[in-house]
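Student: Contents of run-v2.cif (mmCIF, C-alpha atoms) are given next:
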data_start
#
loop_
_atom_site.label_atom_id
_atom_site.label_comp_id
_atom_site.auth_asym_id
_atom_site.auth_seq_id
_atom_site.Cartn_x
_atom_site.Cartn_y
_atom_site.Cartn_z
CA MET A 1148 -1.29 22.23 20.37
CA GLU A 1149 1.23 21.87 23.18
CA ALA A 1150 -0.97 19.37 25.01
CA THR A 1151 -1.02 16.95 22.10
CA PHE A 1152 2.78 16.78 21.79
CA VAL A 1153 3.25 14.92 25.03
CA VAL A 1154 1.18 11.76 25.12
CA GLN A 1155 1.15 9.93 28.41
CA SER A 1156 0.18 6.41 29.23
CA HIS A 1157 -2.42 5.92 31.90
CA GLN A 1158 -2.20 2.14 31.83
CA ASN A 1159 -1.83 0.78 35.31
CA LYS A 1160 -1.04 -2.78 34.33
CA ALA A 1161 2.52 -2.18 33.20
CA GLN A 1162 3.19 0.69 35.59
CA ASP A 1163 5.93 -1.22 37.40
CA GLU A 1164 7.50 -1.95 34.01
CA CYS A 1165 8.77 1.32 32.58
CA PRO A 1166 6.71 3.81 34.53
CA ASN A 1167 6.45 7.31 33.07
CA LEU A 1168 6.41 6.18 29.47
CA TYR A 1169 5.57 9.10 27.26
CA LEU A 1170 5.94 10.39 23.72
CA ARG A 1171 7.45 13.75 22.78
CA PRO A 1172 9.17 15.29 19.74
CA LEU A 1173 12.73 14.10 19.01
CA ASP A 1174 15.44 16.74 18.62
CA VAL A 1175 19.15 17.02 17.74
CA ALA A 1176 19.87 17.22 21.47
CA ASP A 1177 18.71 13.56 21.66
CA ILE A 1178 21.51 12.38 19.34
CA ASP A 1179 23.29 10.22 21.94
CA ALA A 1180 20.10 8.41 22.89
CA PHE A 1181 19.27 8.03 19.17
CA MET A 1182 22.66 6.43 18.47
CA VAL A 1183 21.99 3.72 21.07
CA TRP A 1184 19.27 2.11 18.94
CA ALA A 1185 20.47 3.36 15.55
CA THR A 1186 23.80 1.56 15.83
CA ASP A 1187 22.24 -1.73 16.98
CA GLU A 1188 22.12 -4.38 14.25
CA LYS A 1189 19.35 -6.25 16.09
CA VAL A 1190 17.20 -3.13 15.80
CA ALA A 1191 18.16 -2.51 12.13
CA ARG A 1192 17.43 -6.08 11.08
CA PHE A 1193 13.94 -5.47 9.68
CA CYS A 1194 14.51 -1.80 8.89
CA THR A 1195 15.40 -0.39 5.50
CA TRP A 1196 18.59 1.10 6.93
CA GLU A 1197 21.94 -0.37 7.95
CA PRO A 1198 23.15 0.34 11.50
CA TYR A 1199 24.53 3.86 11.79
CA THR A 1200 28.30 4.16 12.19
CA ASN A 1201 28.78 7.84 12.96
CA LYS A 1202 27.03 10.68 14.77
CA GLU A 1203 26.97 12.98 11.74
CA ASP A 1204 24.70 10.59 9.83
CA GLY A 1205 22.48 10.46 12.88
CA LEU A 1206 22.32 14.25 13.12
CA ASN A 1207 21.53 14.48 9.41
CA PHE A 1208 18.69 12.01 9.84
CA ILE A 1209 17.23 14.04 12.71
CA LYS A 1210 17.60 17.34 10.83
CA ASN A 1211 16.44 16.14 7.39
CA VAL A 1212 13.84 13.51 8.24
CA VAL A 1213 12.70 13.83 11.85
CA LEU A 1214 12.33 17.59 12.24
CA PRO A 1215 10.24 18.18 9.09
CA HIS A 1216 8.24 14.96 9.59
CA PRO A 1217 4.45 15.30 9.86
CA TRP A 1218 4.31 13.15 13.03
CA PHE A 1219 7.45 11.78 14.68
CA ARG A 1220 7.86 11.17 18.41
CA ALA A 1221 10.54 9.86 20.71
CA ILE A 1222 9.37 7.05 23.03
CA CYS A 1223 10.67 8.13 26.44
CA VAL A 1224 11.20 6.22 29.64
CA ASP A 1225 12.73 7.91 32.70
CA ASP A 1226 12.84 11.09 30.58
CA ARG A 1227 15.21 9.47 28.08
CA PRO A 1228 14.39 8.52 24.47
CA ILE A 1229 14.60 4.74 24.03
CA GLY A 1230 12.98 4.57 20.61
CA ALA A 1231 10.77 6.40 18.19
CA ILE A 1232 7.34 6.09 16.63
CA SER A 1233 5.95 7.90 13.61
CA VAL A 1234 2.95 8.24 11.33
CA THR A 1235 3.47 9.19 7.70
CA SER A 1236 0.69 10.73 5.69
CA ASN A 1237 -0.32 10.30 2.06
CA PRO A 1238 -1.10 13.03 -0.45
CA GLY A 1239 -4.40 13.89 -2.04
CA SER A 1240 -7.32 11.51 -1.74
CA ASP A 1241 -5.07 8.94 -0.04
CA LYS A 1242 -4.83 11.10 3.07
CA CYS A 1243 -7.44 8.87 4.67
CA ARG A 1244 -4.56 6.43 5.13
CA GLY A 1245 -1.43 6.80 7.28
CA GLU A 1246 1.42 4.40 7.93
CA LEU A 1247 2.71 3.63 11.40
CA GLY A 1248 6.34 2.78 12.04
CA TYR A 1249 8.38 2.43 15.20
CA VAL A 1250 11.77 1.41 16.48
CA LEU A 1251 12.82 0.48 20.00
CA ALA A 1252 16.20 0.00 21.68
CA SER A 1253 16.72 -3.76 22.13
CA GLU A 1254 17.30 -3.39 25.88
CA TYR A 1255 13.60 -2.50 26.17
CA TRP A 1256 12.23 -5.31 24.03
CA GLY A 1257 9.80 -7.77 25.61
CA ARG A 1258 8.39 -5.38 28.20
CA GLY A 1259 5.29 -4.19 26.39
CA VAL A 1260 6.79 -0.78 25.63
CA ALA A 1261 6.13 -0.83 21.91
CA THR A 1262 2.56 -2.06 22.45
CA ARG A 1263 1.88 0.83 24.82
CA ALA A 1264 3.44 3.32 22.41
CA VAL A 1265 1.28 2.04 19.54
CA LYS A 1266 -1.85 2.27 21.72
CA MET A 1267 -0.93 5.85 22.66
CA VAL A 1268 -0.57 6.81 19.01
CA ALA A 1269 -3.85 5.10 18.08
CA GLY A 1270 -5.55 6.97 20.90
CA THR A 1271 -4.46 10.39 19.66
CA ILE A 1272 -3.71 10.43 15.93
CA PHE A 1273 -7.34 10.23 14.75
CA ASP A 1274 -8.16 13.29 16.85
CA GLU A 1275 -5.11 15.22 15.64
CA TRP A 1276 -5.77 14.25 11.99
CA PRO A 1277 -9.55 14.22 11.50
CA HIS A 1278 -9.11 13.26 7.81
CA LEU A 1279 -7.34 10.04 8.84
CA GLU A 1280 -9.54 6.92 8.79
CA ARG A 1281 -6.95 4.16 8.58
CA LEU A 1282 -3.64 3.68 10.36
CA GLU A 1283 -1.79 0.81 8.74
CA ALA A 1284 1.46 -0.96 9.48
CA LEU A 1285 3.50 -3.36 7.39
CA VAL A 1286 5.58 -5.96 9.20
CA ASP A 1287 8.07 -8.41 7.75
CA VAL A 1288 6.73 -11.99 7.89
CA GLY A 1289 9.88 -12.89 9.86
CA ASN A 1290 9.33 -10.19 12.49
CA LEU A 1291 7.13 -12.08 14.93
CA GLY A 1292 7.79 -9.65 17.78
CA SER A 1293 6.31 -6.69 15.93
CA GLN A 1294 3.40 -8.78 14.69
CA ARG A 1295 2.55 -9.53 18.33
CA VAL A 1296 2.89 -5.84 19.25
CA LEU A 1297 0.35 -4.79 16.64
CA GLU A 1298 -2.06 -7.58 17.53
CA LYS A 1299 -1.89 -6.74 21.24
CA ALA A 1300 -2.45 -3.10 20.39
CA GLY A 1301 -5.76 -4.06 18.77
CA SER A 1302 -4.84 -3.98 15.09
CA GLU A 1303 -6.59 -6.14 12.52
CA ARG A 1304 -4.30 -8.53 10.65
CA GLU A 1305 -5.53 -8.16 7.07
CA GLY A 1306 -3.24 -10.44 5.08
CA VAL A 1307 0.21 -11.26 3.78
CA LEU A 1308 1.40 -9.17 0.83
CA ARG A 1309 3.82 -11.21 -1.23
CA LYS A 1310 7.08 -9.68 -2.45
CA TYR A 1311 5.76 -6.34 -1.25
CA VAL A 1312 9.08 -4.65 -0.40
CA ILE A 1313 12.72 -4.91 -1.29
CA LEU A 1314 14.62 -4.98 1.99
CA LYS A 1315 18.40 -4.86 1.77
CA GLY A 1316 18.38 -6.30 -1.73
CA ARG A 1317 15.82 -9.07 -1.20
CA THR A 1318 12.09 -9.10 -1.85
CA ARG A 1319 10.13 -9.69 1.35
CA ASP A 1320 6.58 -10.70 2.15
CA MET A 1321 4.91 -8.28 4.55
CA VAL A 1322 1.95 -8.66 6.88
CA MET A 1323 -0.57 -5.81 6.66
CA PHE A 1324 -2.19 -4.56 9.88
CA SER A 1325 -4.68 -1.76 10.32
CA LEU A 1326 -6.45 0.28 12.95
CA LEU A 1327 -9.45 2.37 11.93
CA SER A 1328 -10.73 5.57 13.48
CA THR A 1329 -13.97 3.68 14.01
CA ASP A 1330 -12.36 0.69 15.77
CA HIS A 1331 -12.68 0.54 19.52
CA ARG A 1332 -9.84 2.81 20.54
CA PRO A 1333 -7.43 1.23 23.00
CA THR A 1334 -7.08 3.22 26.22
CA MET B 646 -25.19 -11.00 -28.21
CA GLU B 647 -22.65 -13.67 -29.11
CA ILE B 648 -19.04 -12.65 -28.89
CA ASP B 649 -16.36 -14.42 -30.93
CA MET B 650 -13.53 -14.34 -28.38
CA SER B 651 -10.91 -14.77 -31.08
CA LYS B 652 -11.80 -11.21 -32.14
CA ILE B 653 -10.74 -9.80 -28.75
CA THR B 654 -7.30 -8.23 -29.09
CA LEU B 655 -5.08 -5.76 -27.26
CA ARG B 656 -3.21 -2.90 -28.91
CA PRO B 657 -1.98 0.60 -28.05
CA PHE B 658 -4.52 3.44 -28.16
CA LYS B 659 -4.77 5.81 -31.14
CA LEU B 660 -6.37 9.25 -31.38
CA GLU B 661 -8.80 7.69 -33.85
CA ASP B 662 -10.29 5.70 -30.93
CA ALA B 663 -11.79 8.91 -29.48
CA ASP B 664 -15.39 8.28 -30.53
CA ASP B 665 -15.34 4.69 -29.29
CA PHE B 666 -13.56 5.83 -26.14
CA LEU B 667 -16.28 8.37 -25.38
CA LEU B 668 -18.93 5.67 -25.86
CA PHE B 669 -17.60 3.57 -22.99
CA ALA B 670 -15.89 6.17 -20.82
CA GLY B 671 -18.87 8.52 -21.03
CA ASP B 672 -20.88 6.09 -18.90
CA ASP B 673 -21.05 6.58 -15.10
CA GLN B 674 -21.38 2.85 -14.61
CA PHE B 675 -18.08 2.32 -16.41
CA THR B 676 -16.18 4.85 -14.27
CA GLU B 677 -17.92 4.01 -10.98
CA ASN B 678 -14.98 2.14 -9.47
CA LEU B 679 -12.27 4.06 -11.27
CA ARG B 680 -10.67 7.29 -10.12
CA TRP B 681 -11.50 8.80 -13.54
CA LYS B 682 -14.21 11.34 -14.06
CA THR B 683 -16.86 10.22 -16.55
CA LEU B 684 -15.97 11.80 -19.91
CA ALA B 685 -18.42 14.32 -21.31
CA SER B 686 -17.21 15.20 -24.83
CA LYS B 687 -15.13 14.01 -27.78
CA GLN B 688 -12.53 16.65 -26.87
CA GLU B 689 -12.19 15.14 -23.39
CA ALA B 690 -11.78 11.72 -24.99
CA LEU B 691 -9.10 13.04 -27.34
CA ASP B 692 -7.31 14.74 -24.43
CA HIS B 693 -7.47 11.60 -22.33
CA ILE B 694 -6.02 9.47 -25.14
CA LYS B 695 -3.30 12.03 -25.90
CA ASP B 696 -2.38 12.92 -22.30
CA VAL B 697 -2.95 9.64 -20.45
CA CYS B 698 -3.32 6.60 -22.70
CA ILE B 699 -0.53 7.23 -25.19
CA PRO B 700 2.23 8.31 -22.74
CA HIS B 701 1.23 5.58 -20.25
CA PRO B 702 3.99 3.04 -19.53
CA TRP B 703 1.64 0.16 -20.39
CA ARG B 704 -1.95 0.80 -21.36
CA ARG B 705 -3.73 -1.14 -24.06
CA SER B 706 -7.07 -0.81 -25.78
CA ILE B 707 -9.27 -3.90 -25.51
CA CYS B 708 -10.66 -4.31 -29.03
CA ILE B 709 -13.35 -6.25 -30.85
CA ASP B 710 -12.51 -6.28 -34.57
CA ASP B 711 -9.94 -3.58 -33.79
CA ARG B 712 -12.61 -1.23 -32.35
CA SER B 713 -11.88 -0.03 -28.83
CA ILE B 714 -14.31 -1.27 -26.14
CA GLY B 715 -12.17 -0.84 -23.05
CA PHE B 716 -8.70 -0.67 -21.59
CA VAL B 717 -6.16 -2.55 -19.54
CA SER B 718 -3.50 -0.60 -17.64
CA ILE B 719 -0.47 -1.84 -15.81
CA PHE B 720 1.45 0.91 -14.07
CA PRO B 721 4.90 0.16 -12.64
CA PHE B 722 5.66 2.19 -9.50
CA SER B 723 8.55 4.61 -9.67
CA GLY B 724 11.54 4.72 -7.37
CA ASP B 725 14.20 2.15 -6.56
CA GLU B 726 12.20 0.78 -3.64
CA ASP B 727 9.01 0.19 -5.60
CA LYS B 728 9.92 -0.54 -9.21
CA HIS B 729 9.51 -4.27 -8.65
CA LYS B 730 5.74 -3.67 -8.31
CA ALA B 731 3.02 -2.54 -10.71
CA ASN B 732 -0.65 -1.68 -10.41
CA PHE B 733 -3.22 -3.49 -12.59
CA GLY B 734 -6.50 -1.90 -13.66
CA TYR B 735 -9.05 -2.31 -16.44
CA GLY B 736 -12.47 -1.33 -17.72
CA VAL B 737 -14.79 -2.82 -20.33
CA ALA B 738 -17.73 -1.02 -21.97
CA VAL B 739 -20.87 -1.77 -19.97
CA LYS B 740 -22.72 -3.23 -22.97
CA TYR B 741 -20.01 -5.90 -23.27
CA TRP B 742 -20.09 -7.05 -19.65
CA GLY B 743 -20.79 -10.70 -18.88
CA HIS B 744 -19.00 -12.37 -21.79
CA GLY B 745 -15.60 -13.03 -20.29
CA ILE B 746 -13.94 -10.26 -22.28
CA ALA B 747 -12.26 -8.71 -19.27
CA THR B 748 -10.89 -12.09 -18.18
CA LYS B 749 -9.43 -12.75 -21.61
CA ALA B 750 -7.97 -9.24 -21.79
CA ALA B 751 -6.48 -9.59 -18.29
CA LYS B 752 -4.80 -12.89 -19.16
CA LEU B 753 -3.38 -11.45 -22.39
CA ALA B 754 -2.21 -8.31 -20.63
CA VAL B 755 -0.49 -10.12 -17.77
CA SER B 756 1.47 -12.44 -20.04
CA ARG B 757 2.60 -9.62 -22.34
CA PHE B 758 3.41 -7.12 -19.61
CA PHE B 759 6.12 -9.27 -18.03
CA LEU B 760 7.89 -9.55 -21.38
CA ASP B 761 8.10 -5.75 -21.46
CA PHE B 762 8.87 -5.29 -17.74
CA PRO B 763 10.86 -8.33 -16.59
CA GLU B 764 12.03 -6.55 -13.43
CA VAL B 765 8.48 -6.44 -12.03
CA VAL B 766 7.85 -9.33 -9.62
CA ARG B 767 4.48 -8.28 -8.23
CA LEU B 768 1.28 -7.04 -9.90
CA GLU B 769 -1.35 -5.62 -7.58
CA ALA B 770 -5.05 -5.19 -8.21
CA TYR B 771 -7.19 -3.30 -5.68
CA VAL B 772 -10.86 -4.22 -6.14
CA ASP B 773 -13.79 -2.70 -4.28
CA VAL B 774 -15.22 -5.24 -1.83
CA GLU B 775 -18.64 -4.84 -3.47
CA ASN B 776 -17.33 -5.34 -7.01
CA LEU B 777 -17.80 -9.12 -7.23
CA GLY B 778 -17.56 -9.13 -11.04
CA SER B 779 -14.05 -7.69 -11.04
CA GLN B 780 -12.98 -9.98 -8.22
CA LYS B 781 -13.93 -12.96 -10.41
CA VAL B 782 -12.06 -11.47 -13.39
CA VAL B 783 -8.76 -11.11 -11.56
CA GLU B 784 -9.13 -14.49 -9.86
CA LYS B 785 -9.66 -16.22 -13.21
CA ALA B 786 -6.66 -14.35 -14.58
CA GLY B 787 -4.52 -15.99 -11.89
CA PHE B 788 -4.34 -13.28 -9.18
CA GLN B 789 -4.36 -14.44 -5.56
CA LYS B 790 -6.44 -12.76 -2.90
CA GLU B 791 -4.23 -11.40 -0.12
CA GLY B 792 -6.65 -9.59 2.15
CA LEU B 793 -9.36 -7.02 2.69
CA LEU B 794 -7.89 -3.55 3.30
CA ARG B 795 -10.42 -1.58 5.27
CA LYS B 796 -11.07 2.07 4.35
CA TYR B 797 -7.99 1.94 2.17
CA ALA B 798 -8.82 4.71 -0.32
CA PHE B 799 -11.21 7.57 -0.87
CA ILE B 800 -12.75 7.20 -4.34
CA LYS B 801 -15.64 9.24 -5.73
CA GLY B 802 -16.57 10.66 -2.36
CA LYS B 803 -16.56 7.41 -0.36
CA SER B 804 -14.09 5.50 1.80
CA ARG B 805 -13.64 2.17 0.15
CA ASP B 806 -12.82 -1.24 1.54
CA LEU B 807 -10.61 -2.78 -1.13
CA VAL B 808 -9.67 -6.40 -1.67
CA LEU B 809 -6.01 -6.66 -2.54
CA TYR B 810 -5.01 -9.25 -5.14
CA SER B 811 -1.52 -9.95 -6.41
CA PHE B 812 0.07 -11.80 -9.28
CA CYS B 813 3.67 -12.86 -8.76
CA PRO B 814 4.92 -14.55 -11.94
CA LEU B 815 7.41 -16.85 -10.25
CA ILE B 816 4.84 -18.12 -7.76
CA PHE B 817 2.25 -18.45 -10.56
CA LEU B 818 4.59 -20.56 -12.69
CA LEU B 819 5.57 -22.76 -9.75
CA LEU B 820 1.92 -23.37 -8.92
CA GLN B 821 1.19 -24.19 -12.56
CA ALA B 822 3.99 -26.74 -12.48
CA LYS B 823 2.50 -27.99 -9.20
CA VAL B 824 5.78 -27.41 -7.42
CA VAL B 825 5.30 -27.46 -3.67
CA ILE B 826 6.62 -24.28 -2.09
CA VAL B 827 8.12 -24.94 1.31
CA LYS B 828 8.90 -21.90 3.44
CA PRO B 829 12.40 -22.06 4.95
#
Re-express the file's structure as structure tokens.
Tutor:
Amino acid sequence: MEATFVVQSHQNKAQDECPNLYLRPLDVADIDAFMVWATDEKVARFCTWEPYTNKEDGLNFIKNVVLPHPWFRAICVDDRPIGAISVTSNPGSDKCRGELGYVLASEYWGRGVATRAVKMVAGTIFDEWPHLERLEALVDVGNLGSQRVLEKAGSEREGVLRKYVILKGRTRDMVMFSLLSTDHRPT
Amino acid sequence: MEIDMSKITLRPFKLEDADDFLLFAGDDQFTENLRWKTLASKQEALDHIKDVCIPHPWRRSICIDDRSIGFVSIFPFSGDEDKHKANFGYGVAVKYWGHGIATKAAKLAVSRFFLDFPEVVRLEAYVDVENLGSQKVVEKAGFQKEGLLRKYAFIKGKSRDLVLYSFCPLIFLLLQAKVVIVKP
């Protein structure tokens, strides 16, 4: 299973932008890198969480959420985590469906990093989880950047779900995207 | 058969509905798009009424002359993050299809549900892409189509493409009043 933990990008197009982009598990040793994006209010804007204010909360998140998570990876550039991407699974007969989420340090926005990370996940998750048929992602209607990421990564925009989530006390409309195991897999 | 629609009512289920329940829920065509197993005996019907229908947060029997011919269920999600949403589902005995009973029951259910659960702002109905009859029912009851969710769920041995519909009471009322909604 070791080989599937480290997922590398073979895309030549963006090689000069963030070469050596890869995914690997995130650990407590990555706490300082984690705090860079976790404390950033620009990053937290469309997330369910408020920016982190202390390292202990960050360590607790890594220990209690990241380590036991079914599929959670750090997005690394120059051997340093600059974000994270994850796939959550569903129980029982809903295990055909998984939800994609990601977060990226704002310094690396606009360089195609998130798009490449999503493509890497799409290229590997259906092989690692043969029961998975659908990888979906929900994006706030106001989050145009992430909508573009998912479109560029080859996802199908399925519709706008009204008042789908409560985010920081307000109901929000969310755009639903999906990638199927049978879709042309991005390379 | 002519149906007097004024005789269509909703009420909670009773154990006494077991025989009628078995009549409709014992039919594979009835359960085809539901996650339920087709019922095979009166005992199963009694168990289903006792263990599922009666404790359900909001399930009603669709009745003709107070005899049960189907159900409507609205299930609020649990948890702080999701309790503003609820899932809508229904079934009508196959022999009563085609008369508009489901549409009437859906309209009655939706209006009454929000009186009981005012904190819910979104009802969702997931309808199989091939189930055109049910799509028409929810549309006539005021649900809006949001999108086709591909291979969303695995039901009765098949991956299903489901059309997602929602009913948001505030938006519904504003549209009824022909208020123009301008996004900020």
Student: Counting all atoms listed in the file, which residue out of B:Phe720, B:Phe812, B:Phe817, B:Tyr741 sits closest to chain A?
Tutor: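 Going through B:Phe720, B:Phe812, B:Phe817, B:Tyr741 one by one, the smallest distance to chain A is for B:Phe812.
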Student: Would you mind listing, for every residue of chain B within 9 Å of chain A, the two atoms forming the shortest contact and the distance between them in Å to one decimal, using only C-alpha atoms, sorted by chain and ascending residue number, as CSV?
Tutor:
residue,atom,partner,partner_atom,distance
B:Asp725,CA,A:Ile1313,CA,8.9
B:Glu726,CA,A:Ile1313,CA,6.2
B:Asp727,CA,A:Val1312,CA,7.1
B:His729,CA,A:Ile1313,CA,8.1
B:Lys730,CA,A:Tyr1311,CA,7.5
B:Val766,CA,A:Lys1310,CA,7.2
B:Arg767,CA,A:Lys1310,CA,6.5
B:Lys790,CA,A:Gly1306,CA,8.9
B:Glu791,CA,A:Gly1306,CA,5.4
B:Gly792,CA,A:Gly1306,CA,4.6
B:Leu793,CA,A:Glu1305,CA,5.9
B:Leu794,CA,A:Glu1305,CA,6.4
B:Arg795,CA,A:Arg1281,CA,7.5
B:Lys796,CA,A:Arg1281,CA,6.3
B:Tyr797,CA,A:Arg1244,CA,6.4
B:Ala798,CA,A:Asp1241,CA,5.7
B:Phe799,CA,A:Ser1240,CA,5.6
B:Ile800,CA,A:Ser1240,CA,7.4
B:Ser804,CA,A:Cys1243,CA,8.0
B:Leu809,CA,A:Leu1308,CA,8.5
B:Tyr810,CA,A:Leu1308,CA,8.8
B:Ser811,CA,A:Arg1309,CA,7.5
B:Phe812,CA,A:Arg1309,CA,8.9
B:Cys813,CA,A:Arg1309,CA,7.7
Student: Between A:Thr1329, A:Asp1320, A:Val1288, A:Ile1229, which one has atoms that come closest to Ala1269 (chain A), using only C-alpha atoms?
Tutor: A:Thr1329
Student: Quick one: which residues end up in the PyMOL selection byres ((chain A and resi 1194) around 12) for this structure, as a ChimeraX atom specification?
Tutor: /A:1184-1185,1187-1193,1195-1199,1248-1251,1285-1287,1290,1293,1312-1315,1319
Student: List the neighbours of Asp711 (chain B) out to 9 Å using all atoms listed in the file; skip same-chain residues closer than 3 positions along the sequence, and give me the result as a ChimeraX atom specification.
Tutor: /B:652-656,706-708
Student: Take the residues that were just selected and, keeping C-alpha atoms, output them as an mmCIF file, in the coordinates of the input.
Tutor:
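The file below, again.cif, is the result:
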data_model
loop_
_atom_site.group_PDB
_atom_site.id
_atom_site.type_symbol
_atom_site.label_atom_id
_atom_site.label_comp_id
_atom_site.auth_asym_id
_atom_site.auth_seq_id
_atom_site.Cartn_x
_atom_site.Cartn_y
_atom_site.Cartn_z
ATOM 1 C CA LYS B 652 -11.800 -11.210 -32.140
ATOM 2 C CA ILE B 653 -10.740 -9.800 -28.750
ATOM 3 C CA THR B 654 -7.300 -8.230 -29.090
ATOM 4 C CA LEU B 655 -5.080 -5.760 -27.260
ATOM 5 C CA ARG B 656 -3.210 -2.900 -28.910
ATOM 6 C CA SER B 706 -7.070 -0.810 -25.780
ATOM 7 C CA ILE B 707 -9.270 -3.900 -25.510
ATOM 8 C CA CYS B 708 -10.660 -4.310 -29.030
#
Student: Show which residues sit within 8 Å of Gly1205 (chain A), as a ChimeraX atom specification. Count all atoms listed in the file, and ignore same-chain residues fewer than 2 positions away.
Tutor: /A:1178,1181-1182,1185,1199,1201-1203,1207-1209
Student: Using only C-alpha atoms, please write the residues we just selected to a file, as a short mmCIF file (atom, residue, chain, number, x, y, z; two decimals), keeping the file's coordinate frame.
Tutor:
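Result written to again-v5.cif:
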data_model
loop_
_atom_site.label_atom_id
_atom_site.label_comp_id
_atom_site.auth_asym_id
_atom_site.auth_seq_id
_atom_site.Cartn_x
_atom_site.Cartn_y
_atom_site.Cartn_z
CA ILE A 1178 21.51 12.38 19.34
CA PHE A 1181 19.27 8.03 19.17
CA MET A 1182 22.66 6.43 18.47
CA ALA A 1185 20.47 3.36 15.55
CA TYR A 1199 24.53 3.86 11.79
CA ASN A 1201 28.78 7.84 12.96
CA LYS A 1202 27.03 10.68 14.77
CA GLU A 1203 26.97 12.98 11.74
CA ASN A 1207 21.53 14.48 9.41
CA PHE A 1208 18.69 12.01 9.84
CA ILE A 1209 17.23 14.04 12.71
#
Student: Carefully work through the PyMOL selection byres ((chain B and resi 657) around 12) for this structure and note down the residues it includes, as JSON, numbers by chain.
Tutor: {"B": [654, 655, 656, 658, 659, 660, 661, 662, 694, 695, 697, 698, 699, 700, 701, 702, 703, 704, 705, 706, 707, 708, 711, 712, 713, 715, 716, 717, 718, 754]}
Student: Looking at all atoms listed in the file, which of A:Gln1294, A:Ser1236, A:Ser1302, A:Thr1262 is the one that sits closest to Ile1222 (chain A)?
Tutor: A:Thr1262
Student: Using all atoms listed in the file, find the one residue out of B:Val739, B:Asn732, B:Gly724, B:Glu647 that sits nearest to Phe669 (chain B).
Tutor: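 Smallest separation from Phe669 (chain B) among the options: B:Val739.
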Student: Which of these residues is nearest to Cys1165 (chain A), using only C-alpha atoms: A:Asp1179, A:Asp1330, A:Glu1246, A:Glu1254?
Tutor: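 The answer is A:Glu1254, which sits nearest to Cys1165 (chain A).
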Student: One number please: CA of Val737 (chain B) to CA of Trp681 (chain B), in Å, one decimal.
Tutor: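 These two atoms are separated by 13.9 Å.
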Student: Which residues are close to region 749-753 of chain B, i.e. within 7 Å by only C-alpha atoms, leaving aside same-chain residues fewer than 3 positions away? Reply as a PyMOL selection string.
Tutor: chain B and resi 707+745-746+756-757+786
Student: So which residues are close to (6.2, -6.7, -14.3), meaning at most 8 Å away in the file's coordinates with only C-alpha atoms counted, and can you show them as a PyMOL selection string?
Tutor: chain B and resi 721+729-731+758-768
Student: Given the PyMOL selection byres ((chain A and resi 1264) around 10) and the file above, list the residues it selects as a PyMOL selection string.
Tutor: chain A and resi 1154-1156+1168-1170+1220-1223+1230-1232+1249+1259-1263+1265-1270+1296+1300
Student: Using CA of Trp742 (chain B) and CA of Leu818 (chain B) as the two end points, give the distance in Å to one decimal.
Tutor: 29.0 Å
